[in-house]
$ cat work_1.cif   # mmCIF, N, CA and C atoms and all ligand atoms
data_target
loop_
_atom_site.label_atom_id
_atom_site.label_comp_id
_atom_site.auth_asym_id
_atom_site.auth_seq_id
_atom_site.Cartn_x
_atom_site.Cartn_y
_atom_site.Cartn_z
N MET X 1 43.73 123.55 33.08
CA MET X 1 44.06 122.32 33.81
C MET X 1 44.07 122.58 35.32
N THR X 2 43.45 121.68 36.10
CA THR X 2 43.45 121.89 37.55
C THR X 2 44.83 121.53 38.13
N PRO X 3 45.29 122.31 39.12
CA PRO X 3 46.61 121.99 39.68
C PRO X 3 46.57 120.66 40.42
N PRO X 4 47.69 119.96 40.51
CA PRO X 4 47.70 118.66 41.19
C PRO X 4 47.31 118.83 42.65
N ASN X 5 46.55 117.88 43.14
CA ASN X 5 45.98 118.01 44.48
C ASN X 5 46.55 116.93 45.41
N VAL X 6 47.15 117.37 46.50
CA VAL X 6 47.82 116.45 47.43
C VAL X 6 46.81 115.54 48.13
N GLU X 7 45.66 116.09 48.51
CA GLU X 7 44.64 115.26 49.19
C GLU X 7 44.21 114.10 48.29
N SER X 8 44.00 114.39 47.00
CA SER X 8 43.59 113.31 46.07
C SER X 8 44.72 112.30 45.92
N SER X 9 45.95 112.80 45.86
CA SER X 9 47.09 111.90 45.74
C SER X 9 47.19 111.00 46.98
N TYR X 10 46.97 111.60 48.15
CA TYR X 10 47.03 110.83 49.41
C TYR X 10 45.93 109.76 49.42
N ARG X 11 44.73 110.11 48.90
CA ARG X 11 43.64 109.12 48.83
C ARG X 11 44.01 107.97 47.89
N ARG X 12 44.65 108.29 46.77
CA ARG X 12 45.05 107.21 45.86
C ARG X 12 46.08 106.31 46.53
N CYS X 13 46.98 106.91 47.31
CA CYS X 13 47.98 106.11 48.02
C CYS X 13 47.31 105.21 49.05
N CYS X 14 46.35 105.76 49.80
CA CYS X 14 45.69 104.98 50.85
C CYS X 14 44.89 103.82 50.26
N ALA X 15 44.50 103.95 49.00
CA ALA X 15 43.74 102.88 48.35
C ALA X 15 44.66 101.70 47.98
N ASP X 16 45.96 101.90 48.09
CA ASP X 16 46.93 100.83 47.79
C ASP X 16 47.43 100.27 49.11
N ALA X 17 47.14 98.98 49.34
CA ALA X 17 47.45 98.36 50.64
C ALA X 17 48.95 98.36 50.94
N SER X 18 49.80 98.55 49.93
CA SER X 18 51.26 98.50 50.20
C SER X 18 51.85 99.86 50.55
N PHE X 19 51.07 100.91 50.44
CA PHE X 19 51.64 102.26 50.58
C PHE X 19 52.35 102.47 51.93
N LEU X 20 51.65 102.16 53.04
CA LEU X 20 52.25 102.47 54.34
C LEU X 20 53.46 101.57 54.63
N ALA X 21 53.40 100.33 54.13
CA ALA X 21 54.56 99.44 54.30
C ALA X 21 55.76 100.00 53.53
N ARG X 22 55.48 100.54 52.32
CA ARG X 22 56.55 101.16 51.53
C ARG X 22 57.20 102.31 52.29
N PHE X 23 56.36 103.15 52.86
CA PHE X 23 56.86 104.31 53.62
C PHE X 23 57.68 103.81 54.83
N ARG X 24 57.12 102.86 55.57
CA ARG X 24 57.79 102.34 56.77
C ARG X 24 59.16 101.76 56.42
N LEU X 25 59.22 100.95 55.35
CA LEU X 25 60.48 100.28 54.99
C LEU X 25 61.49 101.29 54.45
N ALA X 26 61.01 102.29 53.69
CA ALA X 26 61.92 103.31 53.16
C ALA X 26 62.53 104.10 54.31
N LEU X 27 61.70 104.43 55.31
CA LEU X 27 62.19 105.22 56.45
C LEU X 27 63.20 104.42 57.27
N ARG X 28 62.89 103.15 57.52
CA ARG X 28 63.81 102.32 58.29
C ARG X 28 65.13 102.14 57.55
N ALA X 29 65.06 101.98 56.22
CA ALA X 29 66.28 101.75 55.44
C ALA X 29 67.12 103.01 55.33
N ALA X 30 66.48 104.19 55.46
CA ALA X 30 67.18 105.45 55.19
C ALA X 30 68.09 105.87 56.33
N ASP X 31 67.79 105.45 57.57
CA ASP X 31 68.62 105.91 58.69
C ASP X 31 68.55 104.87 59.82
N GLY X 32 69.73 104.48 60.27
CA GLY X 32 69.83 103.43 61.30
C GLY X 32 69.16 103.81 62.62
N GLN X 33 68.98 105.11 62.88
CA GLN X 33 68.37 105.51 64.16
C GLN X 33 66.88 105.17 64.22
N VAL X 34 66.28 104.97 63.04
CA VAL X 34 64.82 104.78 63.01
C VAL X 34 64.43 103.47 63.69
N SER X 35 65.21 102.39 63.48
CA SER X 35 64.85 101.09 64.07
C SER X 35 64.72 101.20 65.58
N GLY X 36 65.68 101.88 66.21
CA GLY X 36 65.66 102.01 67.67
C GLY X 36 64.38 102.70 68.16
N ILE X 37 63.90 103.66 67.38
CA ILE X 37 62.69 104.40 67.77
C ILE X 37 61.43 103.58 67.47
N PHE X 38 61.47 102.83 66.36
CA PHE X 38 60.28 102.10 65.93
C PHE X 38 60.11 100.74 66.61
N ASP X 39 61.21 100.14 67.09
CA ASP X 39 61.13 98.75 67.52
C ASP X 39 60.14 98.44 68.63
N PRO X 40 59.85 99.39 69.57
CA PRO X 40 58.82 99.03 70.57
C PRO X 40 57.42 98.83 69.95
N LEU X 41 57.23 99.28 68.72
CA LEU X 41 55.91 99.17 68.08
C LEU X 41 55.90 98.01 67.09
N SER X 42 54.72 97.37 66.93
CA SER X 42 54.57 96.34 65.89
C SER X 42 54.57 97.04 64.53
N ALA X 43 54.74 96.27 63.46
CA ALA X 43 54.71 96.86 62.10
C ALA X 43 53.39 97.57 61.88
N ARG X 44 52.30 96.96 62.34
CA ARG X 44 50.97 97.57 62.15
C ARG X 44 50.89 98.91 62.90
N GLN X 45 51.39 98.92 64.15
CA GLN X 45 51.37 100.18 64.93
C GLN X 45 52.23 101.24 64.26
N GLN X 46 53.38 100.83 63.71
CA GLN X 46 54.25 101.80 63.02
C GLN X 46 53.49 102.42 61.85
N GLU X 47 52.72 101.58 61.13
CA GLU X 47 52.02 102.10 59.95
C GLU X 47 50.86 103.02 60.34
N VAL X 48 50.16 102.67 61.42
CA VAL X 48 49.06 103.55 61.90
C VAL X 48 49.66 104.89 62.29
N MET X 49 50.80 104.86 62.98
CA MET X 49 51.46 106.08 63.43
C MET X 49 51.95 106.90 62.23
N LEU X 50 52.51 106.23 61.22
CA LEU X 50 53.00 106.97 60.04
C LEU X 50 51.84 107.62 59.30
N ASP X 51 50.72 106.91 59.23
CA ASP X 51 49.54 107.50 58.60
C ASP X 51 49.10 108.74 59.38
N ALA X 52 49.10 108.62 60.73
CA ALA X 52 48.72 109.77 61.56
C ALA X 52 49.69 110.93 61.36
N SER X 53 50.97 110.62 61.15
CA SER X 53 51.96 111.70 60.98
C SER X 53 51.72 112.43 59.65
N ILE X 54 51.35 111.71 58.61
CA ILE X 54 51.07 112.36 57.31
C ILE X 54 49.84 113.27 57.46
N ARG X 55 48.79 112.68 58.06
CA ARG X 55 47.54 113.42 58.24
C ARG X 55 47.79 114.71 59.03
N ALA X 56 48.55 114.57 60.14
CA ALA X 56 48.80 115.73 61.00
C ALA X 56 49.58 116.80 60.24
N ALA X 57 50.59 116.38 59.46
CA ALA X 57 51.40 117.36 58.72
C ALA X 57 50.55 118.07 57.66
N LEU X 58 49.69 117.32 56.96
CA LEU X 58 48.85 117.95 55.92
C LEU X 58 47.81 118.88 56.56
N ASP X 59 47.20 118.43 57.66
CA ASP X 59 46.20 119.28 58.33
C ASP X 59 46.86 120.55 58.87
N PHE X 60 48.09 120.39 59.35
CA PHE X 60 48.81 121.54 59.90
C PHE X 60 48.98 122.62 58.83
N SER X 61 49.43 122.21 57.63
CA SER X 61 49.69 123.24 56.61
C SER X 61 48.39 123.78 56.01
N SER X 62 47.29 123.02 56.16
CA SER X 62 46.02 123.52 55.61
C SER X 62 45.36 124.52 56.56
N GLY X 63 45.93 124.66 57.78
CA GLY X 63 45.37 125.61 58.73
C GLY X 63 44.26 125.01 59.56
N ASP X 64 44.05 123.68 59.43
CA ASP X 64 43.01 123.00 60.21
C ASP X 64 43.39 123.06 61.70
N PRO X 65 42.50 123.55 62.58
CA PRO X 65 42.86 123.71 64.01
C PRO X 65 43.22 122.38 64.66
N GLN X 66 42.54 121.30 64.23
CA GLN X 66 42.85 119.99 64.82
C GLN X 66 44.29 119.57 64.43
N GLY X 67 44.67 119.89 63.20
CA GLY X 67 46.03 119.58 62.74
C GLY X 67 47.04 120.34 63.56
N ALA X 68 46.74 121.61 63.84
CA ALA X 68 47.67 122.44 64.60
C ALA X 68 47.81 121.89 66.02
N SER X 69 46.71 121.44 66.63
CA SER X 69 46.83 120.97 68.01
C SER X 69 47.51 119.61 68.06
N ARG X 70 47.29 118.79 67.02
CA ARG X 70 47.96 117.48 66.94
C ARG X 70 49.48 117.69 66.83
N VAL X 71 49.88 118.64 65.99
CA VAL X 71 51.31 118.90 65.81
C VAL X 71 51.90 119.46 67.10
N SER X 72 51.20 120.37 67.78
CA SER X 72 51.83 120.90 69.00
C SER X 72 51.90 119.84 70.10
N GLU X 73 50.92 118.95 70.12
CA GLU X 73 50.98 117.83 71.08
C GLU X 73 52.20 116.94 70.78
N MET X 74 52.41 116.64 69.47
CA MET X 74 53.51 115.74 69.11
C MET X 74 54.87 116.41 69.23
N ILE X 75 54.90 117.74 69.13
CA ILE X 75 56.17 118.44 69.29
C ILE X 75 56.71 118.18 70.70
N HIS X 76 55.81 118.08 71.69
CA HIS X 76 56.25 117.75 73.05
C HIS X 76 56.71 116.30 73.13
N VAL X 77 55.91 115.41 72.53
CA VAL X 77 56.24 113.97 72.58
C VAL X 77 57.57 113.71 71.88
N HIS X 78 57.80 114.38 70.72
CA HIS X 78 59.03 114.15 69.94
C HIS X 78 60.17 115.09 70.34
N GLY X 79 59.94 115.96 71.30
CA GLY X 79 60.97 116.92 71.71
C GLY X 79 62.09 116.26 72.50
N ARG X 80 63.12 117.03 72.72
CA ARG X 80 64.31 116.56 73.45
C ARG X 80 63.97 115.85 74.77
N GLN X 81 63.01 116.44 75.51
CA GLN X 81 62.63 115.88 76.81
C GLN X 81 61.38 115.01 76.71
N GLY X 82 60.94 114.72 75.51
CA GLY X 82 59.66 114.04 75.33
C GLY X 82 59.73 112.53 75.54
N ARG X 83 58.57 111.90 75.45
CA ARG X 83 58.46 110.45 75.66
C ARG X 83 59.13 109.69 74.51
N VAL X 84 59.01 110.22 73.28
CA VAL X 84 59.64 109.59 72.11
C VAL X 84 60.43 110.68 71.37
N PRO X 85 61.66 111.00 71.87
CA PRO X 85 62.42 112.07 71.22
C PRO X 85 62.79 111.67 69.78
N VAL X 86 62.63 112.61 68.86
CA VAL X 86 63.01 112.37 67.46
C VAL X 86 64.02 113.44 67.07
N PRO X 87 65.30 113.06 66.87
CA PRO X 87 66.33 114.05 66.52
C PRO X 87 65.98 114.77 65.22
N PRO X 88 66.30 116.08 65.13
CA PRO X 88 65.92 116.88 63.96
C PRO X 88 66.35 116.28 62.62
N ALA X 89 67.50 115.60 62.60
CA ALA X 89 68.00 115.06 61.32
C ALA X 89 67.01 114.06 60.72
N LEU X 90 66.12 113.50 61.55
CA LEU X 90 65.21 112.49 61.01
C LEU X 90 64.00 113.07 60.27
N TYR X 91 63.74 114.37 60.43
CA TYR X 91 62.57 114.93 59.73
C TYR X 91 62.75 115.01 58.22
N PRO X 92 63.93 115.49 57.74
CA PRO X 92 64.12 115.42 56.28
C PRO X 92 64.10 113.97 55.78
N VAL X 93 64.52 113.04 56.61
CA VAL X 93 64.52 111.63 56.21
C VAL X 93 63.06 111.13 56.11
N TRP X 94 62.24 111.54 57.07
CA TRP X 94 60.79 111.23 57.03
C TRP X 94 60.19 111.79 55.72
N LEU X 95 60.53 113.04 55.41
CA LEU X 95 59.98 113.70 54.22
C LEU X 95 60.40 112.96 52.94
N GLU X 96 61.70 112.67 52.82
CA GLU X 96 62.19 112.02 51.58
C GLU X 96 61.63 110.60 51.45
N SER X 97 61.49 109.89 52.58
CA SER X 97 60.96 108.53 52.52
C SER X 97 59.50 108.55 52.12
N LEU X 98 58.78 109.54 52.60
CA LEU X 98 57.37 109.67 52.23
C LEU X 98 57.23 110.01 50.74
N ILE X 99 58.04 110.96 50.28
CA ILE X 99 58.00 111.32 48.85
C ILE X 99 58.31 110.08 48.00
N GLN X 100 59.29 109.31 48.43
CA GLN X 100 59.65 108.09 47.68
C GLN X 100 58.45 107.12 47.62
N ALA X 101 57.79 106.93 48.78
CA ALA X 101 56.66 105.99 48.83
C ALA X 101 55.50 106.49 47.97
N VAL X 102 55.23 107.80 47.99
CA VAL X 102 54.13 108.34 47.18
C VAL X 102 54.49 108.20 45.69
N ARG X 103 55.74 108.51 45.36
CA ARG X 103 56.18 108.40 43.95
C ARG X 103 55.97 106.97 43.44
N GLU X 104 56.28 105.98 44.30
CA GLU X 104 56.17 104.59 43.88
C GLU X 104 54.72 104.10 43.86
N THR X 105 53.82 104.85 44.52
CA THR X 105 52.44 104.35 44.68
C THR X 105 51.44 105.07 43.78
N ASP X 106 51.55 106.40 43.69
CA ASP X 106 50.52 107.18 43.00
C ASP X 106 50.69 107.11 41.49
N PRO X 107 49.73 106.52 40.77
CA PRO X 107 49.87 106.41 39.31
C PRO X 107 49.83 107.78 38.61
N HIS X 108 49.36 108.81 39.34
CA HIS X 108 49.31 110.16 38.73
C HIS X 108 50.48 111.04 39.16
N TRP X 109 51.55 110.43 39.61
CA TRP X 109 52.72 111.19 40.08
C TRP X 109 53.26 112.10 38.97
N SER X 110 53.66 113.30 39.35
CA SER X 110 54.27 114.22 38.38
C SER X 110 55.21 115.15 39.16
N ASP X 111 56.05 115.88 38.43
CA ASP X 111 56.95 116.83 39.10
C ASP X 111 56.15 117.91 39.82
N ALA X 112 55.06 118.34 39.18
CA ALA X 112 54.23 119.40 39.79
C ALA X 112 53.59 118.89 41.08
N LEU X 113 53.15 117.64 41.07
CA LEU X 113 52.54 117.06 42.28
C LEU X 113 53.60 116.93 43.39
N GLU X 114 54.80 116.53 43.01
CA GLU X 114 55.88 116.43 44.00
C GLU X 114 56.12 117.79 44.67
N ARG X 115 56.13 118.84 43.87
CA ARG X 115 56.33 120.18 44.45
C ARG X 115 55.22 120.52 45.44
N ARG X 116 53.97 120.14 45.11
CA ARG X 116 52.84 120.41 46.01
C ARG X 116 53.01 119.63 47.31
N TRP X 117 53.36 118.33 47.20
CA TRP X 117 53.56 117.51 48.40
C TRP X 117 54.62 118.16 49.31
N ARG X 118 55.75 118.50 48.69
CA ARG X 118 56.84 119.08 49.50
C ARG X 118 56.39 120.37 50.18
N ALA X 119 55.69 121.22 49.44
CA ALA X 119 55.25 122.50 49.99
C ALA X 119 54.29 122.26 51.17
N GLN X 120 53.46 121.23 51.08
CA GLN X 120 52.47 121.01 52.15
C GLN X 120 53.05 120.26 53.35
N LEU X 121 54.18 119.58 53.17
CA LEU X 121 54.78 118.87 54.30
C LEU X 121 55.79 119.74 55.06
N MET X 122 56.40 120.67 54.34
CA MET X 122 57.50 121.45 54.93
C MET X 122 57.13 122.23 56.20
N PRO X 123 55.94 122.87 56.28
CA PRO X 123 55.66 123.64 57.49
C PRO X 123 55.76 122.80 58.77
N ALA X 124 55.24 121.56 58.75
CA ALA X 124 55.30 120.72 59.96
C ALA X 124 56.75 120.30 60.23
N VAL X 125 57.47 119.94 59.16
CA VAL X 125 58.88 119.54 59.33
C VAL X 125 59.67 120.69 59.97
N ASP X 126 59.51 121.89 59.42
CA ASP X 126 60.24 123.05 59.95
C ASP X 126 59.87 123.31 61.41
N MET X 127 58.60 123.16 61.73
CA MET X 127 58.14 123.43 63.09
C MET X 127 58.75 122.43 64.09
N PHE X 128 58.76 121.13 63.75
CA PHE X 128 59.34 120.13 64.65
C PHE X 128 60.83 120.41 64.87
N VAL X 129 61.55 120.72 63.78
CA VAL X 129 63.01 120.94 63.89
C VAL X 129 63.29 122.18 64.73
N GLU X 130 62.56 123.25 64.41
CA GLU X 130 62.79 124.52 65.10
C GLU X 130 62.54 124.39 66.60
N LEU X 131 61.42 123.74 66.95
CA LEU X 131 61.09 123.67 68.38
C LEU X 131 62.00 122.69 69.12
N TYR X 132 62.46 121.66 68.45
CA TYR X 132 63.42 120.74 69.10
C TYR X 132 64.70 121.50 69.43
N LEU X 133 65.17 122.29 68.44
CA LEU X 133 66.44 122.99 68.62
C LEU X 133 66.33 124.12 69.65
N SER X 134 65.15 124.70 69.79
CA SER X 134 65.02 125.84 70.71
C SER X 134 64.66 125.40 72.13
N ALA X 135 64.27 124.12 72.29
CA ALA X 135 63.81 123.66 73.64
C ALA X 135 64.98 123.48 74.60
C1 LIG X 201 56.69 115.97 60.51
C2 LIG X 201 56.90 114.69 60.84
C3 LIG X 201 56.11 113.99 61.92
C4 LIG X 201 54.84 114.21 62.36
C5 LIG X 201 53.84 115.26 61.85
C6 LIG X 201 54.58 113.24 63.41
C7 LIG X 201 53.37 113.11 64.07
C8 LIG X 201 53.05 112.07 64.91
C9 LIG X 201 51.72 111.83 65.43
C10 LIG X 201 50.48 112.66 65.11
C11 LIG X 201 51.81 110.74 66.22
C12 LIG X 201 50.67 110.10 67.04
C13 LIG X 201 50.21 108.87 66.31
C14 LIG X 201 48.97 108.23 66.90
O1 LIG X 201 48.32 108.81 67.74
O2 LIG X 201 48.67 107.10 66.46
C15 LIG X 201 53.18 110.30 66.20
C16 LIG X 201 53.66 109.22 66.92
C17 LIG X 201 54.91 108.69 66.76
N1 LIG X 201 55.92 109.16 65.95
FE1 LIG X 201 55.84 110.87 64.86
N2 LIG X 201 55.69 112.44 63.59
C18 LIG X 201 56.63 112.86 62.69
C19 LIG X 201 57.89 112.33 62.51
C20 LIG X 201 58.36 111.22 63.14
C21 LIG X 201 59.66 110.64 62.90
C22 LIG X 201 60.71 111.19 61.91
C23 LIG X 201 59.75 109.54 63.72
C24 LIG X 201 60.89 108.57 63.92
C25 LIG X 201 61.77 108.29 63.02
C26 LIG X 201 58.51 109.44 64.47
C27 LIG X 201 58.21 108.47 65.40
C28 LIG X 201 57.01 108.34 66.07
C29 LIG X 201 56.70 107.28 67.03
C30 LIG X 201 57.64 106.16 67.47
C31 LIG X 201 55.38 107.51 67.47
C32 LIG X 201 54.58 106.69 68.48
C33 LIG X 201 54.71 107.40 69.81
C34 LIG X 201 54.00 106.70 70.93
O3 LIG X 201 54.57 105.78 71.50
O4 LIG X 201 52.89 107.12 71.22
N3 LIG X 201 57.70 110.47 64.10
N4 LIG X 201 53.93 111.13 65.40
#

$ encode --input "work_1.cif" --output "structure tokens"
Amino acid sequence: MTPPNVESSYRRCCADASFLARFRLALRAADGQVSGIFDPLSARQQEVMLDASIRAALDFSSGDPQGASRVSEMIHVHGRQGRVPVPPALYPVWLESLIQAVRETDPHWSDALERRWRAQLMPAVDMFVELYLSA
């Protein structure tokens, strides 16, 4: 049996028009600080940005150089002194809200797939938190 593949799961999610709205609403509902950060953007802009954040995190853990440069660029933007600071506590919230949205969207969801998603998202989450705290 082939191991569950996160890229395929992400493609199935993107094929469902409600996926990004699910992620956006789960994230906003999970922590009151999110509204303050998201409110300057329209719902559509929030969803484009959330899609870019998933892509960047997956590319980062795959070793893709573009993913690495996107993450280092955003670490400055989301850092303490950045244009859009994101406190470290919100990264686990981003992760759990994304897992929730994928679970609700992907018809092939399984425990093994969840473990793969978590493993591929964690490197970017850890990097954002670590660099925010050390800056
Ligand atoms: C590991 C997690 C995250 C990654 C990899 C990430 C990555 C990114 C990327 C790549 C962009 C640029 C989007 C674009 O060019 O369209 C972006 C923008 C943005 N992100 Fe994040 N992000 C993460 C977590 C978060 C969290 C937790 C929040 C807030 C709760 C957040 C809020 C924003 C906002 C508001 C923007 C738009 C910034 C602007 O005005 O240009 N991000 N993020």

$ residues_near_ligand --input "work_1.cif" --ligand "ligand LIG 201 (chain X)" --cutoff "8 Å" --atoms "only N, CA and C atoms and all ligand atoms" --output "PyMOL selection string"
chain X and resi 27-28+33-41+45-58+70-71+73-75+77-78+83-95+121-129

$ residues_around --input "work_1.cif" --residues "segment 9-17 of chain X" --least-positions-apart "2" --cutoff "7 Å" --atoms "all atoms listed in the file" --output "PyMOL selection string"
chain X and resi 4-7+19-21+102+105-107

$ atom_distance --input "work_1.cif" --atom1 "atom CA of Arg118 of chain X" --atom2 "atom CA of Glu96 of chain X"
9.1 Å

$ atom_distance --input "work_1.cif" --atom1 "atom C of Ser134 of chain X" --atom2 "atom N of Ser72 of chain X"
15.0 Å

$ closest_residue --input "work_1.cif" --among "X:Pro3, X:Glu114, X:Asp59, X:Gly79" --to "Tyr132 of chain X" --atoms "all atoms listed in the file"
X:Gly79

$ closest_residue --input "work_1.cif" --among "X:Gln81, X:Gln120, X:Ser42, X:Thr2" --to "Gly63 of chain X" --atoms "only C-alpha atoms"
X:Gln120

$ atom_distance --input "work_1.cif" --atom1 "atom CA of Arg22 of chain X" --atom2 "atom CA of Ala101 of chain X"
5.5 Å
